[in-house]
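Heads up, target-v3.cif below (mmCIF, N, CA and C atoms and all ligand atoms):
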```
data_final
#
loop_
_atom_site.label_atom_id
_atom_site.label_comp_id
_atom_site.auth_asym_id
_atom_site.auth_seq_id
_atom_site.Cartn_x
_atom_site.Cartn_y
_atom_site.Cartn_z
N MET A 1 8.79 7.25 -9.52
CA MET A 1 7.68 6.84 -10.38
C MET A 1 8.21 6.20 -11.67
N GLN A 2 7.71 5.03 -12.01
CA GLN A 2 8.12 4.37 -13.27
C GLN A 2 6.88 4.05 -14.10
N GLN A 3 7.12 3.83 -15.39
CA GLN A 3 6.07 3.32 -16.27
C GLN A 3 6.56 2.00 -16.85
N THR A 4 5.62 1.08 -17.08
CA THR A 4 5.96 -0.21 -17.68
C THR A 4 4.84 -0.62 -18.63
N LEU A 5 5.17 -1.51 -19.58
CA LEU A 5 4.14 -1.97 -20.51
C LEU A 5 3.59 -3.31 -20.07
N SER A 6 2.27 -3.42 -20.08
CA SER A 6 1.59 -4.67 -19.78
C SER A 6 0.73 -5.06 -20.97
N ILE A 7 0.71 -6.35 -21.30
CA ILE A 7 -0.22 -6.85 -22.31
C ILE A 7 -1.05 -7.97 -21.68
N ILE A 8 -2.37 -7.84 -21.77
CA ILE A 8 -3.23 -8.97 -21.42
C ILE A 8 -3.34 -9.79 -22.70
N LYS A 9 -2.80 -11.01 -22.66
CA LYS A 9 -2.63 -11.83 -23.86
C LYS A 9 -3.96 -12.46 -24.32
N PRO A 10 -3.99 -12.99 -25.58
CA PRO A 10 -5.24 -13.49 -26.15
C PRO A 10 -5.97 -14.53 -25.29
N ASP A 11 -5.25 -15.38 -24.56
CA ASP A 11 -5.92 -16.40 -23.74
C ASP A 11 -6.76 -15.77 -22.64
N ALA A 12 -6.21 -14.73 -21.99
CA ALA A 12 -6.92 -14.08 -20.89
C ALA A 12 -8.07 -13.22 -21.40
N VAL A 13 -7.89 -12.60 -22.58
CA VAL A 13 -8.98 -11.82 -23.17
C VAL A 13 -10.14 -12.76 -23.52
N LYS A 14 -9.81 -13.93 -24.13
CA LYS A 14 -10.86 -14.91 -24.49
C LYS A 14 -11.61 -15.42 -23.26
N LYS A 15 -10.89 -15.58 -22.17
CA LYS A 15 -11.50 -16.07 -20.92
C LYS A 15 -12.39 -15.05 -20.25
N GLY A 16 -12.27 -13.78 -20.64
CA GLY A 16 -13.08 -12.74 -20.02
C GLY A 16 -12.58 -12.31 -18.65
N VAL A 17 -11.26 -12.25 -18.49
CA VAL A 17 -10.72 -11.85 -17.20
C VAL A 17 -9.92 -10.53 -17.28
N ILE A 18 -10.26 -9.69 -18.27
CA ILE A 18 -9.59 -8.39 -18.40
C ILE A 18 -9.77 -7.59 -17.09
N GLY A 19 -10.99 -7.50 -16.64
CA GLY A 19 -11.29 -6.71 -15.44
C GLY A 19 -10.59 -7.25 -14.20
N LYS A 20 -10.59 -8.58 -14.06
CA LYS A 20 -9.94 -9.19 -12.89
C LYS A 20 -8.44 -8.91 -12.89
N ILE A 21 -7.83 -8.93 -14.08
CA ILE A 21 -6.38 -8.67 -14.15
C ILE A 21 -6.09 -7.19 -13.88
N ILE A 22 -6.89 -6.30 -14.46
CA ILE A 22 -6.69 -4.87 -14.20
C ILE A 22 -6.86 -4.57 -12.70
N ASP A 23 -7.78 -5.27 -12.06
CA ASP A 23 -7.98 -5.08 -10.62
C ASP A 23 -6.71 -5.41 -9.82
N ARG A 24 -5.97 -6.42 -10.27
CA ARG A 24 -4.71 -6.77 -9.58
C ARG A 24 -3.75 -5.58 -9.60
N PHE A 25 -3.69 -4.90 -10.77
CA PHE A 25 -2.79 -3.75 -10.89
C PHE A 25 -3.27 -2.60 -10.01
N GLU A 26 -4.56 -2.25 -10.17
CA GLU A 26 -5.10 -1.08 -9.44
C GLU A 26 -5.10 -1.30 -7.93
N SER A 27 -5.29 -2.54 -7.51
CA SER A 27 -5.31 -2.83 -6.07
C SER A 27 -3.92 -2.85 -5.47
N ASN A 28 -2.90 -2.83 -6.33
CA ASN A 28 -1.53 -2.90 -5.84
C ASN A 28 -0.70 -1.69 -6.22
N GLY A 29 -1.36 -0.56 -6.36
CA GLY A 29 -0.65 0.70 -6.54
C GLY A 29 -0.16 0.99 -7.94
N LEU A 30 -0.67 0.26 -8.93
CA LEU A 30 -0.32 0.57 -10.32
C LEU A 30 -1.52 1.21 -11.01
N ARG A 31 -1.29 2.42 -11.53
CA ARG A 31 -2.34 3.18 -12.18
C ARG A 31 -2.32 2.87 -13.68
N ILE A 32 -3.52 2.83 -14.32
CA ILE A 32 -3.58 2.61 -15.77
C ILE A 32 -3.41 3.98 -16.45
N ALA A 33 -2.23 4.21 -17.00
CA ALA A 33 -1.93 5.51 -17.62
C ALA A 33 -2.35 5.54 -19.08
N ALA A 34 -2.51 4.35 -19.69
CA ALA A 34 -2.97 4.25 -21.08
C ALA A 34 -3.49 2.82 -21.28
N ALA A 35 -4.47 2.66 -22.17
CA ALA A 35 -5.01 1.32 -22.44
C ALA A 35 -5.68 1.28 -23.80
N LYS A 36 -5.49 0.18 -24.52
CA LYS A 36 -6.27 -0.06 -25.73
C LYS A 36 -6.32 -1.54 -26.07
N LYS A 37 -7.41 -1.93 -26.78
CA LYS A 37 -7.56 -3.31 -27.22
C LYS A 37 -7.28 -3.34 -28.71
N LEU A 38 -6.51 -4.32 -29.14
CA LEU A 38 -6.16 -4.42 -30.56
C LEU A 38 -5.76 -5.86 -30.89
N GLN A 39 -5.74 -6.18 -32.17
CA GLN A 39 -5.22 -7.49 -32.59
C GLN A 39 -3.92 -7.28 -33.34
N LEU A 40 -2.86 -7.89 -32.85
CA LEU A 40 -1.53 -7.73 -33.45
C LEU A 40 -1.46 -8.47 -34.78
N SER A 41 -0.78 -7.87 -35.76
CA SER A 41 -0.47 -8.58 -37.01
C SER A 41 0.75 -9.46 -36.74
N GLN A 42 1.00 -10.40 -37.65
CA GLN A 42 2.19 -11.27 -37.52
C GLN A 42 3.45 -10.41 -37.48
N ALA A 43 3.50 -9.38 -38.33
CA ALA A 43 4.68 -8.52 -38.41
C ALA A 43 4.89 -7.77 -37.09
N GLU A 44 3.80 -7.25 -36.51
CA GLU A 44 3.91 -6.51 -35.24
C GLU A 44 4.36 -7.42 -34.09
N ALA A 45 3.73 -8.60 -33.99
CA ALA A 45 4.10 -9.53 -32.91
C ALA A 45 5.53 -10.00 -33.10
N GLY A 46 5.91 -10.25 -34.35
CA GLY A 46 7.28 -10.67 -34.65
C GLY A 46 8.30 -9.64 -34.23
N LYS A 47 7.98 -8.38 -34.47
CA LYS A 47 8.88 -7.30 -34.13
C LYS A 47 8.93 -7.10 -32.61
N PHE A 48 7.76 -7.17 -31.98
CA PHE A 48 7.69 -6.97 -30.53
C PHE A 48 8.55 -8.00 -29.79
N TYR A 49 8.50 -9.26 -30.24
CA TYR A 49 9.24 -10.34 -29.57
C TYR A 49 10.54 -10.69 -30.31
N GLU A 50 11.08 -9.71 -31.04
CA GLU A 50 12.29 -9.93 -31.85
C GLU A 50 13.47 -10.49 -31.04
N VAL A 51 13.57 -10.12 -29.75
CA VAL A 51 14.68 -10.63 -28.92
C VAL A 51 14.66 -12.16 -28.83
N HIS A 52 13.50 -12.76 -29.07
CA HIS A 52 13.38 -14.22 -28.97
C HIS A 52 13.46 -14.92 -30.33
N LYS A 53 13.85 -14.17 -31.36
CA LYS A 53 13.84 -14.68 -32.74
C LYS A 53 14.55 -16.02 -32.91
N GLU A 54 15.65 -16.20 -32.19
CA GLU A 54 16.44 -17.43 -32.36
C GLU A 54 15.94 -18.57 -31.46
N ARG A 55 14.99 -18.28 -30.60
CA ARG A 55 14.51 -19.32 -29.66
C ARG A 55 13.56 -20.27 -30.38
N PRO A 56 13.54 -21.55 -29.97
CA PRO A 56 12.71 -22.54 -30.67
C PRO A 56 11.21 -22.24 -30.62
N PHE A 57 10.78 -21.47 -29.61
CA PHE A 57 9.35 -21.22 -29.45
C PHE A 57 8.87 -19.94 -30.14
N TYR A 58 9.77 -19.26 -30.85
CA TYR A 58 9.44 -17.95 -31.45
C TYR A 58 8.21 -18.01 -32.37
N GLY A 59 8.18 -19.00 -33.26
CA GLY A 59 7.07 -19.13 -34.21
C GLY A 59 5.74 -19.30 -33.49
N GLU A 60 5.73 -20.17 -32.50
CA GLU A 60 4.50 -20.42 -31.73
C GLU A 60 4.09 -19.19 -30.93
N LEU A 61 5.09 -18.48 -30.43
CA LEU A 61 4.82 -17.27 -29.65
C LEU A 61 4.12 -16.22 -30.52
N VAL A 62 4.63 -16.01 -31.72
CA VAL A 62 4.03 -15.05 -32.65
C VAL A 62 2.63 -15.51 -33.04
N GLU A 63 2.51 -16.80 -33.32
CA GLU A 63 1.21 -17.39 -33.67
C GLU A 63 0.19 -17.13 -32.56
N PHE A 64 0.61 -17.42 -31.33
CA PHE A 64 -0.28 -17.25 -30.18
C PHE A 64 -0.66 -15.79 -29.96
N MET A 65 0.31 -14.90 -30.04
CA MET A 65 0.05 -13.48 -29.76
C MET A 65 -0.86 -12.83 -30.81
N THR A 66 -0.97 -13.47 -32.00
CA THR A 66 -1.84 -12.93 -33.05
C THR A 66 -3.17 -13.69 -33.12
N SER A 67 -3.38 -14.64 -32.20
CA SER A 67 -4.55 -15.53 -32.29
C SER A 67 -5.86 -14.85 -31.87
N GLY A 68 -5.79 -13.67 -31.30
CA GLY A 68 -6.99 -12.96 -30.88
C GLY A 68 -6.59 -11.60 -30.34
N PRO A 69 -7.60 -10.78 -29.98
CA PRO A 69 -7.27 -9.45 -29.46
C PRO A 69 -6.49 -9.49 -28.14
N VAL A 70 -5.73 -8.44 -27.92
CA VAL A 70 -5.00 -8.26 -26.67
C VAL A 70 -5.37 -6.89 -26.09
N VAL A 71 -5.09 -6.67 -24.82
CA VAL A 71 -5.24 -5.35 -24.22
C VAL A 71 -3.85 -4.87 -23.82
N VAL A 72 -3.46 -3.74 -24.38
CA VAL A 72 -2.13 -3.18 -24.12
C VAL A 72 -2.28 -2.00 -23.18
N MET A 73 -1.44 -1.95 -22.15
CA MET A 73 -1.57 -0.88 -21.15
C MET A 73 -0.22 -0.34 -20.72
N VAL A 74 -0.23 0.93 -20.34
CA VAL A 74 0.91 1.50 -19.63
C VAL A 74 0.52 1.55 -18.16
N LEU A 75 1.30 0.89 -17.32
CA LEU A 75 1.08 0.93 -15.87
C LEU A 75 2.08 1.90 -15.27
N GLU A 76 1.59 2.69 -14.32
CA GLU A 76 2.46 3.69 -13.70
C GLU A 76 2.41 3.57 -12.19
N GLY A 77 3.55 3.68 -11.56
CA GLY A 77 3.59 3.64 -10.10
C GLY A 77 5.02 3.53 -9.62
N GLU A 78 5.14 3.48 -8.29
CA GLU A 78 6.46 3.35 -7.70
C GLU A 78 7.00 1.96 -8.04
N ASN A 79 8.21 1.91 -8.56
CA ASN A 79 8.85 0.62 -8.85
C ASN A 79 7.99 -0.25 -9.79
N ALA A 80 7.33 0.39 -10.76
CA ALA A 80 6.30 -0.28 -11.57
C ALA A 80 6.81 -1.50 -12.34
N VAL A 81 8.06 -1.44 -12.83
CA VAL A 81 8.57 -2.56 -13.64
C VAL A 81 8.63 -3.84 -12.79
N ALA A 82 9.29 -3.77 -11.66
CA ALA A 82 9.44 -4.94 -10.80
C ALA A 82 8.12 -5.34 -10.15
N LYS A 83 7.32 -4.34 -9.77
CA LYS A 83 6.03 -4.64 -9.13
C LYS A 83 5.13 -5.43 -10.08
N ASN A 84 5.10 -4.99 -11.37
CA ASN A 84 4.28 -5.71 -12.35
C ASN A 84 4.77 -7.14 -12.51
N ARG A 85 6.10 -7.33 -12.59
CA ARG A 85 6.65 -8.68 -12.76
C ARG A 85 6.30 -9.55 -11.55
N ASP A 86 6.31 -8.96 -10.34
CA ASP A 86 5.93 -9.71 -9.15
C ASP A 86 4.46 -10.13 -9.21
N LEU A 87 3.61 -9.20 -9.62
CA LEU A 87 2.17 -9.50 -9.69
C LEU A 87 1.89 -10.56 -10.76
N MET A 88 2.71 -10.56 -11.86
CA MET A 88 2.52 -11.53 -12.95
C MET A 88 2.85 -12.95 -12.52
N GLY A 89 3.95 -13.13 -11.80
CA GLY A 89 4.43 -14.47 -11.46
C GLY A 89 5.33 -15.03 -12.55
N ALA A 90 5.86 -16.22 -12.32
CA ALA A 90 6.84 -16.82 -13.23
C ALA A 90 6.24 -17.10 -14.61
N THR A 91 7.11 -17.12 -15.63
CA THR A 91 6.70 -17.35 -17.02
C THR A 91 5.84 -18.62 -17.15
N ASP A 92 6.28 -19.70 -16.48
CA ASP A 92 5.52 -20.96 -16.49
C ASP A 92 4.52 -20.93 -15.33
N PRO A 93 3.22 -20.87 -15.65
CA PRO A 93 2.22 -20.75 -14.56
C PRO A 93 2.30 -21.86 -13.51
N LYS A 94 2.84 -23.01 -13.91
CA LYS A 94 2.99 -24.12 -12.94
C LYS A 94 4.02 -23.75 -11.88
N LYS A 95 4.94 -22.86 -12.24
CA LYS A 95 5.99 -22.45 -11.30
C LYS A 95 5.66 -21.10 -10.65
N ALA A 96 4.58 -20.49 -11.08
CA ALA A 96 4.23 -19.16 -10.56
C ALA A 96 3.70 -19.26 -9.13
N GLU A 97 4.10 -18.29 -8.32
CA GLU A 97 3.67 -18.27 -6.93
C GLU A 97 2.16 -18.12 -6.81
N LYS A 98 1.60 -18.73 -5.78
CA LYS A 98 0.16 -18.62 -5.49
C LYS A 98 -0.26 -17.16 -5.42
N GLY A 99 -1.41 -16.84 -5.97
CA GLY A 99 -1.91 -15.47 -5.88
C GLY A 99 -1.41 -14.55 -6.97
N THR A 100 -0.50 -15.04 -7.83
CA THR A 100 -0.04 -14.22 -8.95
C THR A 100 -1.02 -14.38 -10.12
N ILE A 101 -0.93 -13.42 -11.05
CA ILE A 101 -1.85 -13.44 -12.20
C ILE A 101 -1.70 -14.73 -13.00
N ARG A 102 -0.45 -15.12 -13.25
CA ARG A 102 -0.25 -16.33 -14.06
C ARG A 102 -0.70 -17.59 -13.32
N ALA A 103 -0.47 -17.66 -12.02
CA ALA A 103 -0.93 -18.83 -11.25
C ALA A 103 -2.45 -18.92 -11.31
N ASP A 104 -3.12 -17.78 -11.28
CA ASP A 104 -4.58 -17.77 -11.18
C ASP A 104 -5.30 -17.81 -12.52
N PHE A 105 -4.69 -17.27 -13.59
CA PHE A 105 -5.43 -17.13 -14.86
C PHE A 105 -4.76 -17.81 -16.06
N ALA A 106 -3.54 -18.35 -15.92
CA ALA A 106 -2.85 -18.91 -17.10
C ALA A 106 -2.88 -20.43 -17.10
N GLU A 107 -2.80 -20.97 -18.31
CA GLU A 107 -2.89 -22.42 -18.49
C GLU A 107 -1.53 -23.07 -18.72
N SER A 108 -0.66 -22.39 -19.47
CA SER A 108 0.58 -23.03 -19.91
C SER A 108 1.65 -21.97 -20.14
N ILE A 109 2.87 -22.44 -20.41
CA ILE A 109 3.99 -21.50 -20.61
C ILE A 109 3.78 -20.63 -21.85
N ASP A 110 3.06 -21.15 -22.86
CA ASP A 110 2.81 -20.27 -24.03
C ASP A 110 1.57 -19.41 -23.84
N ALA A 111 0.51 -19.97 -23.28
CA ALA A 111 -0.70 -19.17 -23.03
C ALA A 111 -0.64 -18.72 -21.57
N ASN A 112 0.16 -17.67 -21.32
CA ASN A 112 0.43 -17.32 -19.91
C ASN A 112 -0.12 -15.95 -19.48
N ALA A 113 -1.24 -15.59 -20.10
CA ALA A 113 -2.12 -14.50 -19.64
C ALA A 113 -1.62 -13.06 -19.78
N VAL A 114 -0.36 -12.82 -19.43
CA VAL A 114 0.13 -11.44 -19.45
C VAL A 114 1.58 -11.35 -19.91
N HIS A 115 1.90 -10.19 -20.44
CA HIS A 115 3.29 -9.81 -20.71
C HIS A 115 3.62 -8.61 -19.84
N GLY A 116 4.86 -8.52 -19.40
CA GLY A 116 5.31 -7.32 -18.70
C GLY A 116 6.74 -7.00 -19.07
N SER A 117 7.05 -5.73 -19.24
CA SER A 117 8.42 -5.32 -19.55
C SER A 117 9.37 -5.86 -18.47
N ASP A 118 10.58 -6.26 -18.88
CA ASP A 118 11.50 -6.87 -17.92
C ASP A 118 12.60 -5.91 -17.41
N SER A 119 12.61 -4.67 -17.91
CA SER A 119 13.56 -3.67 -17.41
C SER A 119 13.01 -2.29 -17.73
N LEU A 120 13.55 -1.29 -17.06
CA LEU A 120 13.09 0.08 -17.29
C LEU A 120 13.41 0.50 -18.73
N GLU A 121 14.56 0.06 -19.22
CA GLU A 121 14.99 0.37 -20.58
C GLU A 121 14.03 -0.25 -21.61
N ASN A 122 13.70 -1.52 -21.42
CA ASN A 122 12.76 -2.18 -22.34
C ASN A 122 11.36 -1.61 -22.20
N ALA A 123 11.00 -1.18 -20.99
CA ALA A 123 9.68 -0.59 -20.79
C ALA A 123 9.51 0.63 -21.69
N ALA A 124 10.52 1.48 -21.75
CA ALA A 124 10.44 2.69 -22.57
C ALA A 124 10.31 2.32 -24.06
N ILE A 125 11.07 1.32 -24.48
CA ILE A 125 11.01 0.87 -25.89
C ILE A 125 9.63 0.29 -26.20
N GLU A 126 9.11 -0.55 -25.29
CA GLU A 126 7.83 -1.22 -25.53
C GLU A 126 6.65 -0.24 -25.47
N ILE A 127 6.73 0.73 -24.57
CA ILE A 127 5.66 1.74 -24.49
C ILE A 127 5.61 2.53 -25.80
N ALA A 128 6.78 2.92 -26.30
CA ALA A 128 6.84 3.69 -27.55
C ALA A 128 6.38 2.86 -28.75
N PHE A 129 6.50 1.53 -28.64
CA PHE A 129 6.04 0.62 -29.71
C PHE A 129 4.53 0.74 -29.89
N PHE A 130 3.79 0.93 -28.79
CA PHE A 130 2.33 0.90 -28.85
C PHE A 130 1.64 2.25 -28.70
N PHE A 131 2.28 3.19 -28.01
CA PHE A 131 1.57 4.42 -27.66
C PHE A 131 2.32 5.68 -28.08
N ALA A 132 1.54 6.64 -28.59
CA ALA A 132 2.08 7.99 -28.81
C ALA A 132 2.07 8.69 -27.45
N LYS A 133 2.94 9.68 -27.28
CA LYS A 133 3.06 10.39 -25.99
C LYS A 133 1.71 10.94 -25.52
N LYS A 134 0.92 11.49 -26.47
CA LYS A 134 -0.36 12.13 -26.08
C LYS A 134 -1.43 11.11 -25.67
N GLU A 135 -1.18 9.81 -25.90
CA GLU A 135 -2.14 8.78 -25.48
C GLU A 135 -1.90 8.32 -24.05
N ILE A 136 -0.82 8.80 -23.44
CA ILE A 136 -0.48 8.39 -22.08
C ILE A 136 -0.81 9.53 -21.12
N CYS A 137 -1.73 9.25 -20.20
CA CYS A 137 -2.18 10.31 -19.29
C CYS A 137 -1.75 9.99 -17.85
P1 LIG B 1 6.74 -11.97 -21.39
O1 LIG B 1 7.94 -11.44 -22.17
O2 LIG B 1 5.63 -12.44 -22.28
O3 LIG B 1 6.30 -11.02 -20.34
P2 LIG B 1 8.49 -13.48 -19.73
O4 LIG B 1 9.32 -12.25 -19.70
O5 LIG B 1 8.05 -14.06 -18.44
O6 LIG B 1 7.19 -13.27 -20.61
P3 LIG B 1 10.25 -14.48 -21.76
O7 LIG B 1 11.44 -15.29 -21.45
O8 LIG B 1 10.44 -13.04 -22.15
O9 LIG B 1 9.24 -14.61 -20.54
O10 LIG B 1 9.47 -15.22 -22.93
C1 LIG B 1 8.48 -14.55 -23.71
C2 LIG B 1 7.31 -15.46 -23.91
O11 LIG B 1 7.73 -16.58 -24.69
C3 LIG B 1 6.76 -16.07 -22.62
O12 LIG B 1 5.77 -15.27 -22.02
C4 LIG B 1 6.17 -17.36 -23.11
O13 LIG B 1 4.84 -17.18 -23.58
C5 LIG B 1 7.07 -17.75 -24.25
N1 LIG B 1 8.05 -18.73 -23.79
C6 LIG B 1 9.13 -18.49 -23.03
N2 LIG B 1 9.82 -19.64 -22.79
C7 LIG B 1 9.13 -20.61 -23.42
C8 LIG B 1 9.32 -22.00 -23.57
N3 LIG B 1 10.34 -22.63 -23.01
N4 LIG B 1 8.39 -22.68 -24.30
C9 LIG B 1 7.35 -22.05 -24.88
N5 LIG B 1 7.11 -20.72 -24.78
C10 LIG B 1 7.99 -20.02 -24.06
MG MG B 2 9.90 -11.18 -21.45
#
```

Using structure tokens, write down the structure that the file contains.
Amino acid sequence: MQQTLSIIKPDAVKKGVIGKIIDRFESNGLRIAAAKKLQLSQAEAGKFYEVHKERPFYGELVEFMTSGPVVVMVLEGENAVAKNRDLMGATDPKKAEKGTIRADFAESIDANAVHGSDSLENAAIEIAFFFAKKEIC
């Protein structure tokens, strides 16, 4: 059993596809162990994506992630980290496989509908960034 962090990004929240995206997780063996809707501050988004600080798109990424509310979730299930990444599809929705969340709900490489932890180690760090232990059931 693993836990991973998922974020439904501002583009997908604005489009009204929160339920459709959650259905992808629940229909594929990932349980919602925690969930909340919030709007990230510039400081929070900057810290969350700190690994990309030196990348040319960092400023736009922080701008985009703070542009509207997001839904943050802990997904739990067998092989949850990799399973979530498979369900998400490639970072660039144009390259994402058919039937993935990004292929179906994302517009561009910056507005790409969802975030998912990329390793078990980062999942633990990202979950702790958003949730207290007692908020995860
Ligand atoms: P995420 O971390 O959001 O789950 P990812 O792991 O698929 O996405 P990363 O390489 O971690 O991709 O990049 C983080 C985010 O930065 C991407 O989701 C995307 O929105 C943005 N990004 C990545 N590469 C580019 C790029 N070349 N141009 C613009 N934005 C980019
Ligand atoms: Mg990433």

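Residues in contact with region 6-10 of chain A at 6 Å, where only N, CA and C atoms are counted and same-chain residues fewer than 6 positions away are skipped, are listed as A:Met65, A:Ser67, A:Gly68, A:Pro69, A:Val70, A:Val71, A:Val72, A:Met73, A:Val74, A:Leu75, A:Ala113, A:Val114, A:His115, A:Gly116, A:Ser117.
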
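Coordinates place CA of Gln2 (chain A) at a distance of 27.6 Å from atom N5 of ligand LIG 1 (chain B).
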
- Residues of region 25-135 of chain A in alpha helix (DSSP H) according to DSSP, as a PyMOL selection string? chain A and resi 25-26+42-48+58-65+80-88+101-105+120-130

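Our summary of the geometry notes that atom N of Ser41 (chain A) is positioned 9.8 Å from atom C of Glu63 (chain A).
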
Would you write out, as JSON lines, a table of all residues in chain A that have an atom no more than 6.5 Å from an atom of ligand LIG 1 (chain B), listing for each the closest atom pair and the distance in Å to one decimal, considering only N, CA and C atoms and all ligand atoms and ordering rows by chain and rising residue number?
```
{"residue": "A:Phe57", "atom": "CA", "partner": "B:LIG1", "partner_atom": "C9", "distance": 5.1}
{"residue": "A:Leu61", "atom": "CA", "partner": "B:LIG1", "partner_atom": "O11", "distance": 5.8}
{"residue": "A:Ala90", "atom": "C", "partner": "B:LIG1", "partner_atom": "O5", "distance": 5.2}
{"residue": "A:Thr91", "atom": "CA", "partner": "B:LIG1", "partner_atom": "O5", "distance": 3.8}
{"residue": "A:Asp92", "atom": "N", "partner": "B:LIG1", "partner_atom": "O5", "distance": 6.2}
{"residue": "A:Ile109", "atom": "C", "partner": "B:LIG1", "partner_atom": "O13", "distance": 4.0}
{"residue": "A:Asp110", "atom": "CA", "partner": "B:LIG1", "partner_atom": "O13", "distance": 3.7}
{"residue": "A:Ala111", "atom": "N", "partner": "B:LIG1", "partner_atom": "O13", "distance": 5.2}
{"residue": "A:Asn112", "atom": "N", "partner": "B:LIG1", "partner_atom": "O13", "distance": 5.2}
{"residue": "A:Val114", "atom": "C", "partner": "B:LIG1", "partner_atom": "O3", "distance": 4.8}
{"residue": "A:His115", "atom": "CA", "partner": "B:LIG1", "partner_atom": "O3", "distance": 3.3}
{"residue": "A:Gly116", "atom": "N", "partner": "B:LIG1", "partner_atom": "O3", "distance": 3.0}
{"residue": "A:Ser117", "atom": "N", "partner": "B:LIG1", "partner_atom": "O3", "distance": 5.5}
{"residue": "A:Asp118", "atom": "CA", "partner": "B:LIG1", "partner_atom": "O4", "distance": 6.1}
```

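Restricting the calculation to only C-alpha atoms, the smallest distance between Thr4 (chain A) and any of A:Ile136, A:Ala128, A:Leu120, A:Val62 is found for A:Leu120.
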
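Proximity of A:Met1, A:Glu44, A:Glu121, A:Ile18 to Ala80 (chain A), computed with all atoms listed in the file, is greatest for A:Met1.
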
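Relative to CA of Val51 (chain A), CA of Leu30 (chain A) is found at 26.4 Å.
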
Centre and edges of the region 37-47 of chain A box, axis-aligned, 5 Å extra per side, as JSON:
```
{"center_x": 0.7, "center_y": -6.6, "center_z": -32.6, "size_x": 26.5, "size_y": 19.3, "size_z": 21.6}
```

- Query: Leaving out Gln42 (chain A) and any residue of its chain fewer than 4 positions from it, which residues lie within 6 Å of it when counting only N, CA and C atoms, given as a ChimeraX atom specification?
  - Reply: /A:46-47,66

Give me, as a compact mmCIF listing (two decimals) with N, CA and C atoms, in the frame of the given file, all polymer residues having an atom no more than 10 Å from Phe25 (chain A), counting only C-alpha atoms and skipping those fewer than 4 positions away in the same chain.
```txt
# COMPACT_ATOMS: atom_id res chain seq x y z
N SER A 6 2.27 -3.42 -20.08
CA SER A 6 1.59 -4.67 -19.78
C SER A 6 0.73 -5.06 -20.97
N LYS A 20 -10.59 -8.58 -14.06
CA LYS A 20 -9.94 -9.19 -12.89
C LYS A 20 -8.44 -8.91 -12.89
N ILE A 21 -7.83 -8.93 -14.08
CA ILE A 21 -6.38 -8.67 -14.15
C ILE A 21 -6.09 -7.19 -13.88
N GLY A 29 -1.36 -0.56 -6.36
CA GLY A 29 -0.65 0.70 -6.54
C GLY A 29 -0.16 0.99 -7.94
N LEU A 30 -0.67 0.26 -8.93
CA LEU A 30 -0.32 0.57 -10.32
C LEU A 30 -1.52 1.21 -11.01
N ARG A 31 -1.29 2.42 -11.53
CA ARG A 31 -2.34 3.18 -12.18
C ARG A 31 -2.32 2.87 -13.68
N ILE A 32 -3.52 2.83 -14.32
CA ILE A 32 -3.58 2.61 -15.77
C ILE A 32 -3.41 3.98 -16.45
N LEU A 75 1.30 0.89 -17.32
CA LEU A 75 1.08 0.93 -15.87
C LEU A 75 2.08 1.90 -15.27
N GLU A 76 1.59 2.69 -14.32
CA GLU A 76 2.46 3.69 -13.70
C GLU A 76 2.41 3.57 -12.19
N GLY A 77 3.55 3.68 -11.56
CA GLY A 77 3.59 3.64 -10.10
C GLY A 77 5.02 3.53 -9.62
N ALA A 80 7.33 0.39 -10.76
CA ALA A 80 6.30 -0.28 -11.57
C ALA A 80 6.81 -1.50 -12.34
N LYS A 83 7.32 -4.34 -9.77
CA LYS A 83 6.03 -4.64 -9.13
C LYS A 83 5.13 -5.43 -10.08
N ASN A 84 5.10 -4.99 -11.37
CA ASN A 84 4.28 -5.71 -12.35
C ASN A 84 4.77 -7.14 -12.51
N LEU A 87 3.61 -9.20 -9.62
CA LEU A 87 2.17 -9.50 -9.69
C LEU A 87 1.89 -10.56 -10.76
N MET A 88 2.71 -10.56 -11.86
CA MET A 88 2.52 -11.53 -12.95
C MET A 88 2.85 -12.95 -12.52
N ILE A 101 -0.93 -13.42 -11.05
CA ILE A 101 -1.85 -13.44 -12.20
C ILE A 101 -1.70 -14.73 -13.00
```

- Task: Identify which of the residues A:Phe48, A:Thr100, A:Glu107, A:Gly16 lies closest to Phe129 (chain A), counting only C-alpha atoms when measuring atom-to-atom distances.
- Result: A:Phe48

- Item | Using only N, CA and C atoms and all ligand atoms: which of A:Ser119, A:Ala33, A:Ala106, A:Lys98 has the shortest distance to ligand MG 2 (chain B) | A:Ser119

- Just asking: which residues within chain A are strand (DSSP E or B) according to DSSP, as a list of chain:residue names? A:Gln2, A:Gln3, A:Thr4, A:Leu5, A:Ser6, A:Ile7, A:Ile8, A:Arg31, A:Ile32, A:Ala33, A:Ala34, A:Ala35, A:Lys36, A:Lys37, A:Leu38, A:Val70, A:Val71, A:Val72, A:Met73, A:Val74, A:Leu75, A:Glu76, A:Gly77, A:Val114, A:His115, A:Gly116
